[in-house]
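Trainee: Next comes target_3.cif, mmCIF, C-alpha atoms and all ligand atoms:
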data_upload
#
loop_
_atom_site.label_atom_id
_atom_site.label_comp_id
_atom_site.auth_asym_id
_atom_site.auth_seq_id
_atom_site.Cartn_x
_atom_site.Cartn_y
_atom_site.Cartn_z
CA MET A 1 8.00 -10.27 -0.61
CA LYS A 2 7.49 -13.90 -1.45
CA PHE A 3 4.94 -16.27 -0.08
CA GLY A 4 6.92 -19.23 1.16
CA PRO A 5 5.57 -22.39 2.65
CA THR A 6 3.08 -21.78 5.39
CA ALA A 7 4.33 -22.57 8.85
CA VAL A 8 1.82 -21.05 11.25
CA VAL A 9 -0.83 -23.70 11.61
CA LEU A 10 -3.20 -23.89 14.53
CA CYS A 11 -5.83 -26.51 15.08
CA ALA A 12 -9.49 -25.88 15.04
CA LEU A 13 -11.71 -25.70 18.05
CA VAL A 14 -14.41 -27.88 16.65
CA ALA A 15 -17.86 -27.15 17.95
CA GLY A 16 -20.53 -29.64 17.17
CA THR A 17 -20.04 -33.21 16.11
CA LEU A 18 -17.90 -33.36 13.02
CA GLY A 19 -16.00 -36.34 14.33
CA ALA A 20 -12.30 -36.54 13.43
CA GLN A 21 -12.55 -33.79 10.84
CA THR A 22 -10.58 -30.69 11.69
CA THR A 23 -10.44 -27.27 10.18
CA HIS A 24 -7.08 -25.50 9.91
CA LEU A 25 -6.11 -21.89 9.37
CA SER A 26 -2.60 -20.86 8.34
CA ILE A 27 -0.97 -17.55 7.46
CA ALA A 28 2.00 -16.79 5.18
CA PRO A 29 4.52 -15.29 5.31
CA VAL A 30 5.39 -16.34 8.84
CA HIS A 31 7.23 -13.12 9.72
CA PRO A 32 5.50 -10.29 7.82
CA GLU A 33 6.86 -6.77 7.92
CA PRO A 34 4.67 -3.86 9.05
CA GLY A 35 2.31 -2.95 6.22
CA ALA A 36 2.55 -6.41 4.66
CA ILE A 37 -0.23 -8.24 2.87
CA VAL A 38 -0.50 -11.82 4.10
CA ARG A 39 -2.24 -14.89 2.73
CA LEU A 40 -4.63 -16.85 4.91
CA THR A 41 -5.39 -20.44 3.95
CA LEU A 42 -8.41 -22.19 5.41
CA SER A 43 -8.74 -25.95 5.09
CA ALA A 44 -12.27 -27.00 5.89
CA PRO A 45 -13.17 -30.67 5.40
CA ALA A 46 -15.84 -31.18 2.78
CA SER A 47 -18.98 -32.94 3.82
CA ARG A 48 -21.50 -33.92 1.18
CA ALA A 49 -24.13 -34.34 3.84
CA ASP A 50 -23.49 -30.98 5.49
CA ALA A 51 -22.16 -28.34 3.06
CA ILE A 52 -20.38 -25.15 4.12
CA ALA A 53 -22.94 -22.35 4.16
CA SER A 54 -20.73 -19.40 5.09
CA ILE A 55 -17.24 -18.41 6.20
CA HIS A 56 -16.86 -15.30 8.35
CA GLY A 57 -13.57 -13.95 9.61
CA SER A 58 -11.55 -10.95 10.65
CA MET A 59 -7.97 -9.90 11.29
CA ALA A 60 -6.70 -6.57 12.65
CA GLY A 61 -10.27 -5.26 12.69
CA GLU A 62 -10.86 -5.88 8.98
CA PRO A 63 -13.20 -8.50 7.50
CA LEU A 64 -11.63 -11.37 5.56
CA HIS A 65 -13.01 -12.43 2.18
CA PHE A 66 -12.42 -16.15 1.69
CA LEU A 67 -12.54 -17.49 -1.86
CA PRO A 68 -12.42 -21.17 -2.82
CA SER A 69 -9.25 -22.41 -4.54
CA ALA A 70 -9.70 -26.18 -4.42
CA PRO A 71 -12.21 -28.53 -2.79
CA GLY A 72 -11.99 -27.84 0.94
CA THR A 73 -9.42 -25.03 0.58
CA TRP A 74 -10.07 -21.31 0.77
CA HIS A 75 -7.82 -18.25 0.62
CA ALA A 76 -8.12 -14.69 1.87
CA ILE A 77 -5.93 -11.62 1.97
CA GLY A 78 -5.11 -10.04 5.31
CA ALA A 79 -3.18 -6.87 6.20
CA VAL A 80 -0.64 -6.10 8.93
CA PRO A 81 -0.99 -2.50 10.20
CA VAL A 82 2.26 -0.52 10.10
CA ASP A 83 2.03 0.21 13.82
CA ALA A 84 1.16 -3.36 14.86
CA THR A 85 3.50 -4.92 17.43
CA GLY A 86 3.60 -8.27 19.19
CA SER A 87 0.97 -10.43 17.53
CA LEU A 88 -2.21 -10.30 15.46
CA LEU A 89 -5.22 -12.58 15.83
CA ALA A 90 -7.11 -13.98 12.84
CA ALA A 91 -10.50 -15.47 13.73
CA VAL A 92 -12.66 -17.48 11.33
CA GLU A 93 -16.03 -19.15 11.75
CA VAL A 94 -17.23 -21.80 9.32
CA ARG A 95 -20.96 -22.51 9.34
CA ARG A 96 -22.52 -25.63 7.87
CA ALA A 97 -25.94 -25.94 6.28
CA SER A 98 -27.13 -27.87 9.35
CA GLY A 99 -26.24 -24.95 11.62
CA LYS A 100 -23.12 -26.61 13.02
CA TYR A 101 -20.07 -24.40 13.09
CA GLU A 102 -16.31 -24.56 13.53
CA SER A 103 -14.34 -21.69 15.05
CA VAL A 104 -10.65 -21.36 14.15
CA ARG A 105 -8.12 -18.85 15.43
CA THR A 106 -4.53 -18.23 14.47
CA ARG A 107 -2.13 -15.78 16.03
CA LEU A 108 0.48 -14.17 13.78
CA ILE A 109 3.67 -13.32 15.65
CA LEU A 110 5.22 -10.10 14.36
CA PRO A 111 9.00 -9.78 14.20
CA THR A 112 10.77 -7.04 16.12
CA LEU A 113 12.25 -4.77 13.48
CA PRO A 114 15.05 -2.22 13.78
CA PRO A 115 13.94 1.41 13.36
CA PRO A 116 13.52 2.45 9.71
CA VAL A 117 16.54 3.83 7.88
CA ALA A 118 16.18 7.58 7.59
CA GLN A 119 16.48 9.36 4.26
CA PRO A 120 17.80 12.88 4.85
CA LEU A 121 15.93 15.56 2.91
CA ALA A 122 16.88 19.21 3.05
CA VAL A 123 13.65 21.05 2.38
CA ASP A 124 11.97 24.38 2.87
CA SER A 125 11.01 25.02 6.50
CA SER A 126 7.33 25.05 5.45
CA PHE A 127 7.60 21.23 5.38
CA THR A 128 8.60 20.97 9.01
CA ARG A 129 6.30 23.60 10.53
CA PRO A 130 3.21 22.14 12.22
CA LEU A 131 0.00 22.62 10.23
CA ASP A 132 -2.29 25.45 11.36
CA SER A 133 -5.58 24.29 12.87
CA VAL A 134 -7.68 24.96 9.75
CA THR A 135 -5.25 23.03 7.54
CA ALA A 136 -4.92 20.22 10.11
CA ALA A 137 -8.73 19.88 10.11
CA ARG A 138 -8.74 19.75 6.30
CA VAL A 139 -6.06 17.06 6.29
CA GLU A 140 -8.03 15.01 8.83
CA ARG A 141 -11.22 15.29 6.69
CA GLU A 142 -9.27 14.15 3.65
CA ASN A 143 -7.75 11.22 5.56
CA ALA A 144 -11.24 10.23 6.72
CA ARG A 145 -12.48 10.20 3.11
CA ALA A 146 -9.58 7.99 2.08
CA ARG A 147 -10.32 5.57 4.95
CA GLU A 148 -13.98 5.49 3.88
CA VAL A 149 -12.96 4.45 0.35
CA GLY A 150 -11.07 1.54 1.93
CA ARG A 151 -14.02 0.54 4.10
CA ARG A 152 -16.41 0.57 1.14
CA ALA A 153 -14.04 -1.59 -0.90
CA HIS A 154 -15.01 -4.49 1.41
CA ASP A 155 -18.52 -4.33 -0.10
CA SER A 156 -17.29 -4.28 -3.71
CA PRO A 157 -16.98 -7.55 -5.63
CA LEU A 158 -13.48 -8.55 -6.67
CA MET A 159 -12.81 -6.79 -9.98
CA TRP A 160 -9.35 -8.05 -10.85
CA ALA A 161 -8.48 -11.28 -12.60
CA GLU A 162 -4.78 -10.69 -13.30
CA SER A 163 -1.84 -9.75 -11.09
CA PHE A 164 -1.20 -6.13 -10.08
CA LEU A 165 1.21 -3.98 -12.12
CA ARG A 166 3.52 -1.20 -10.99
CA PRO A 167 1.86 2.08 -12.05
CA ARG A 168 5.11 3.23 -13.66
CA THR A 169 8.09 1.38 -15.11
CA SER A 170 10.54 4.03 -13.82
CA ALA A 171 12.89 3.66 -10.84
CA ILE A 172 11.63 3.61 -7.27
CA THR A 173 13.08 6.62 -5.43
CA SER A 174 11.60 5.96 -1.97
CA GLU A 175 10.47 2.63 -0.56
CA PHE A 176 7.55 1.89 1.73
CA GLY A 177 8.21 2.45 5.41
CA SER A 178 11.48 4.34 5.08
CA GLY A 179 11.76 7.14 7.62
CA ARG A 180 11.47 10.76 6.56
CA LEU A 181 14.17 13.00 7.97
CA PHE A 182 13.30 16.62 7.22
CA ASN A 183 16.17 19.00 8.07
CA GLY A 184 17.57 16.55 10.58
CA ARG A 185 14.22 15.78 12.25
CA MET A 186 12.39 12.48 11.82
CA THR A 187 8.79 13.31 10.95
CA SER A 188 6.93 10.24 9.77
CA ARG A 189 7.21 6.93 8.00
CA HIS A 190 6.69 6.87 4.25
CA LEU A 191 3.42 4.99 3.69
CA GLY A 192 3.74 4.45 -0.04
CA VAL A 193 6.25 3.89 -2.83
CA ASP A 194 7.65 6.77 -4.89
CA PHE A 195 8.38 6.38 -8.61
CA ARG A 196 10.56 8.73 -10.62
CA GLY A 197 8.72 10.82 -13.20
CA ALA A 198 8.63 14.17 -14.97
CA VAL A 199 5.50 16.32 -15.09
CA GLY A 200 3.15 14.98 -17.76
CA GLU A 201 4.44 11.39 -17.88
CA PRO A 202 1.76 8.67 -17.68
CA VAL A 203 0.48 6.93 -14.54
CA HIS A 204 -1.17 3.55 -15.07
CA ALA A 205 -3.90 1.78 -13.10
CA ALA A 206 -2.29 -1.10 -11.19
CA ASN A 207 -5.29 -3.29 -11.90
CA ARG A 208 -8.91 -3.30 -12.98
CA GLY A 209 -11.27 -1.42 -10.69
CA VAL A 210 -13.70 1.43 -10.25
CA VAL A 211 -12.54 5.01 -9.58
CA ALA A 212 -13.77 5.82 -6.07
CA LEU A 213 -12.26 9.26 -5.42
CA VAL A 214 -10.75 12.09 -7.48
CA ASP A 215 -9.91 15.31 -5.67
CA ASN A 216 -7.24 17.83 -4.70
CA PHE A 217 -5.87 17.08 -1.22
CA PHE A 218 -3.61 19.36 0.83
CA LEU A 219 -0.77 16.86 1.30
CA ALA A 220 -1.31 14.47 -1.60
CA GLY A 221 -2.30 17.07 -4.24
CA ASN A 222 -4.39 15.73 -7.12
CA VAL A 223 -5.36 12.18 -6.17
CA VAL A 224 -7.05 9.20 -7.81
CA TYR A 225 -8.28 6.27 -5.68
CA ILE A 226 -9.27 2.99 -7.37
CA ASP A 227 -11.49 0.41 -5.65
CA HIS A 228 -10.42 -3.07 -6.84
CA GLY A 229 -12.99 -4.89 -4.69
CA GLY A 230 -12.51 -7.38 -1.88
CA GLY A 231 -11.22 -4.58 0.38
CA LEU A 232 -8.31 -3.53 -1.88
CA VAL A 233 -7.73 0.08 -2.94
CA THR A 234 -4.79 1.73 -4.72
CA ALA A 235 -4.12 5.49 -4.72
CA TYR A 236 -2.03 7.75 -6.94
CA PHE A 237 -0.80 11.09 -5.50
CA HIS A 238 0.64 14.43 -6.68
CA LEU A 239 -0.80 14.12 -10.21
CA SER A 240 -0.56 17.13 -12.52
CA LYS A 241 -3.78 15.94 -14.14
CA PRO A 242 -6.22 13.12 -13.34
CA LEU A 243 -7.67 11.59 -16.52
CA VAL A 244 -10.55 9.65 -14.95
CA SER A 245 -13.74 10.44 -13.01
CA VAL A 246 -15.47 8.87 -10.03
CA GLY A 247 -17.50 5.86 -11.18
CA ASP A 248 -15.29 5.06 -14.18
CA THR A 249 -14.31 1.42 -14.57
CA VAL A 250 -10.61 1.38 -15.45
CA ALA A 251 -8.64 -1.41 -17.09
CA ARG A 252 -5.39 -2.83 -15.76
CA GLY A 253 -2.60 -0.63 -17.19
CA GLN A 254 -4.93 2.15 -18.36
CA THR A 255 -3.47 5.66 -18.14
CA ILE A 256 -5.44 7.30 -15.33
CA GLY A 257 -3.44 10.51 -14.84
CA LEU A 258 -0.18 12.33 -15.40
CA VAL A 259 2.80 12.68 -13.06
CA GLY A 260 2.93 16.02 -11.28
CA ALA A 261 4.16 17.93 -8.23
CA THR A 262 0.84 18.92 -6.64
CA GLY A 263 0.39 18.85 -2.87
CA ARG A 264 3.25 18.93 -0.37
CA VAL A 265 6.19 17.63 -2.42
CA THR A 266 9.77 18.57 -3.15
CA GLY A 267 9.50 17.77 -6.86
CA PRO A 268 7.50 15.82 -9.45
CA HIS A 269 7.08 12.10 -8.82
CA LEU A 270 4.34 9.51 -8.34
CA HIS A 271 3.52 8.43 -4.79
CA TRP A 272 1.69 5.10 -4.98
CA ALA A 273 -0.30 3.92 -1.96
CA ALA A 274 -2.55 0.95 -1.18
CA ARG A 275 -5.07 -0.02 1.47
CA TYR A 276 -6.78 -3.14 2.66
CA GLY A 277 -9.90 -1.64 4.21
CA ALA A 278 -8.65 1.09 6.53
CA ILE A 279 -5.14 -0.42 6.78
CA THR A 280 -2.35 1.14 4.72
CA VAL A 281 -0.22 -1.59 3.13
CA ASN A 282 2.91 -1.79 1.01
CA PRO A 283 1.64 -1.54 -2.59
CA LEU A 284 4.53 -3.66 -3.86
CA ASP A 285 3.01 -6.56 -1.90
CA LEU A 286 0.06 -6.33 -4.32
CA VAL A 287 2.43 -6.90 -7.23
CA SER A 288 3.59 -10.09 -5.49
CA LEU A 289 0.01 -11.39 -5.17
CA LYS A 290 -0.83 -14.26 -7.44
CA ARG A 291 -4.40 -14.01 -8.63
CA ASN A 292 -4.67 -17.78 -8.90
CA TRP A 293 -4.04 -18.43 -5.21
CA TYR A 294 -6.55 -15.81 -4.17
CA GLY A 295 -9.42 -16.58 -6.47
CA GLY A 296 -8.99 -20.29 -6.83
CA SER A 297 -8.38 -20.68 -10.54
CA SER A 298 -6.51 -18.67 -13.13
CA SER A 299 -9.82 -18.15 -14.90
CA GLN A 300 -10.46 -14.69 -16.28
CA ASN A 301 -13.87 -14.62 -14.69
CA ASP A 302 -14.14 -11.17 -13.14
CA SER A 303 -16.89 -12.06 -10.71
CA PRO A 304 -15.92 -15.21 -8.87
CA LYS A 305 -18.52 -16.64 -6.54
CA ARG A 306 -17.83 -15.61 -3.00
CA LEU A 307 -19.60 -16.13 0.25
CA ARG A 308 -20.83 -13.14 2.19
CA THR A 309 -18.40 -12.31 4.95
CA ARG A 310 -18.66 -10.21 8.06
CA PRO A 311 -16.25 -9.46 10.90
CA THR A 312 -16.13 -12.01 13.71
CA PRO A 313 -15.78 -10.48 17.16
CA GLU A 314 -12.42 -11.33 18.73
ZN ZN B 401 5.87 9.26 -1.46
#
Show how you would write the structure in this file as structure tokens.
Ligand SMILES: [Zn+2]
Mentor:
Amino acid sequence: MKFGPTAVVLCALVAGTLGAQTTHLSIAPVHPEPGAIVRLTLSAPASRADAIASIHGSMAGEPLHFLPSAPGTWHAIGAVPVDATGSLLAAVEVRRASGKYESVRTRLILPTLPPPVAQPLAVDSSFTRPLDSVTAARVERENARAREVGRRAHDSPLMWAESFLRPRTSAITSEFGSGRLFNGRMTSRHLGVDFRGAVGEPVHAANRGVVALVDNFFLAGNVVYIDHGGGLVTAYFHLSKPLVSVGDTVARGQTIGLVGATGRVTGPHLHWAARYGAITVNPLDLVSLKRNWYGGSSSQNDSPKRLRTRPTPE
């Protein structure tokens, strides 16, 4: 995915008396796919007499973290849920030191997509049988823990200063969002990217972050979740062996585990997943992110100044 020129621009509803100044919010790309990461650009006129005190915003139920990129310009990452249809609302509130505020809203129109292309897989019938109630409850608990890691990532400072890497250099064997056809029956969409790999081959951290979760899950097998801050999390499934522990700070490209076939899989490979808060996104969109548009400068400063953000009710 590439970030082209922004085209969705709505005007501000200016509350207070800021005269002819207007605040704009735009989103790119214009027609994001389900599971896409989008870029929000906020243009808020500078006022020496009345500085911006805070920027609060939300989209799809997740808070937005705006970072300055140039005088009067701010960027944030947003996420499009895979099951979103129709349109998504982004709402931002800019507060000035004087207490004046501007409220800006932009609606992202989602394209109507054809159904995903199915990938036939002939597998053991144990893959198509419904889970028993005990196992289903375990899977739900594990999903809840993964969502919690995403939620907490909103409270972590941004820990990456360079672009995201693919966790393996091998071929991609299954793309994000492709349908899963088990023995002729469509079961679910594929909410990650699979990389080829033999048991024992290295898996690399996509970027700098803190290890938030290491465990053995029923479906995903041995997992490692990395909190990169600013709401972003990457996860690495089916490992034969994790090589990191919860709380470890990992470097971009560091080997964090070994490829395996643990969990519910048909063979060894790496399943790579990503979240923005609770929303599962296409991890390859992270690789397309340019650090310099998000954080403002290409500086290697790992802790850029950022305003506190909180969700704005829609
Ligand atoms: Zn997968």
Trainee: Would you mind telling me which residue in A:Ser188, A:Asn216, A:Thr112, A:Ser174 lies nearest to ligand ZN 401 (chain B) when using only C-alpha atoms and all ligand atoms?
Mentor: A:Ser174
Trainee: Taking all atoms listed in the file into account, which residues are within 10 Å of ligand ZN 401 (chain B), as a list of chain:residue names?
Mentor: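 Final answer, ordered by chain and number: A:Ile172, A:Thr173, A:Ser174, A:Glu175, A:Phe176, A:Gly177, A:Ser178, A:Arg180, A:Arg189, A:His190, A:Leu191, A:Gly192, A:Val193, A:Asp194, A:Phe195, A:Ala220, A:Tyr236, A:Phe237, A:His238, A:Val265, A:His269, A:Leu270, A:His271, A:Trp272, A:Ala273.
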Trainee: Record the distance separating atom CA of A:Ala274 and atom CA of A:Leu286, expressed in Å with one decimal.
Mentor: 8.3 Å
Trainee: Please identify all polymer residues within 6 Å of stretch 221-234 of chain A, counting all atoms listed in the file, omitting same-chain residues fewer than 4 positions from it, and present them as a PyMOL selection string.
Mentor: chain A and resi 153-154+156-159+209-217+238-239+262-263+273-277
Trainee: So what do you get for atom CA of A:His204 versus atom CA of A:Val259, distance-wise?
Mentor: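 Calculated distance between atom CA of A:His204 and atom CA of A:Val259 is 10.2 Å.
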Trainee: Return the single residue from A:Thr23, A:Ser98, A:Ser58, A:Thr255 that is closest to A:Trp74, with distances computed using all atoms listed in the file.
Mentor: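 Using all atoms listed in the file, A:Trp74 sits closest to A:Thr23.
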Trainee: For atom CA of A:Ala49 and atom CA of A:Gly72, determine how far apart the two atoms are, in Å to one decimal place.
Mentor: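 Answer for the atom CA of A:Ala49 to atom CA of A:Gly72 separation: 14.1 Å.
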Trainee: Considering all atoms listed in the file, can you say which of A:Ala137, A:Met59, A:Val104, A:Ile27 comes closest to A:His75?
Mentor: A:Ile27
Trainee: Point out the residue among A:Gly247, A:Gly99, A:Pro202, A:Gly150 with the least atom-to-atom distance to A:Glu62, counting all atoms listed in the file.
Mentor: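 The answer is A:Gly150, which sits nearest to A:Glu62.
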Trainee: Choose the residue, out of A:Val92, A:Val281, A:Val38, A:Ala79, that has the smallest atom-to-atom separation from A:His56; count all atoms listed in the file.
Mentor: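 Under the stated criterion, the closest residue is A:Val92.
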Trainee: Could you check which of A:Arg95, A:Lys100, A:Arg166, A:Arg105 is closest to A:Thr41, using all atoms listed in the file?
Mentor: A:Arg105
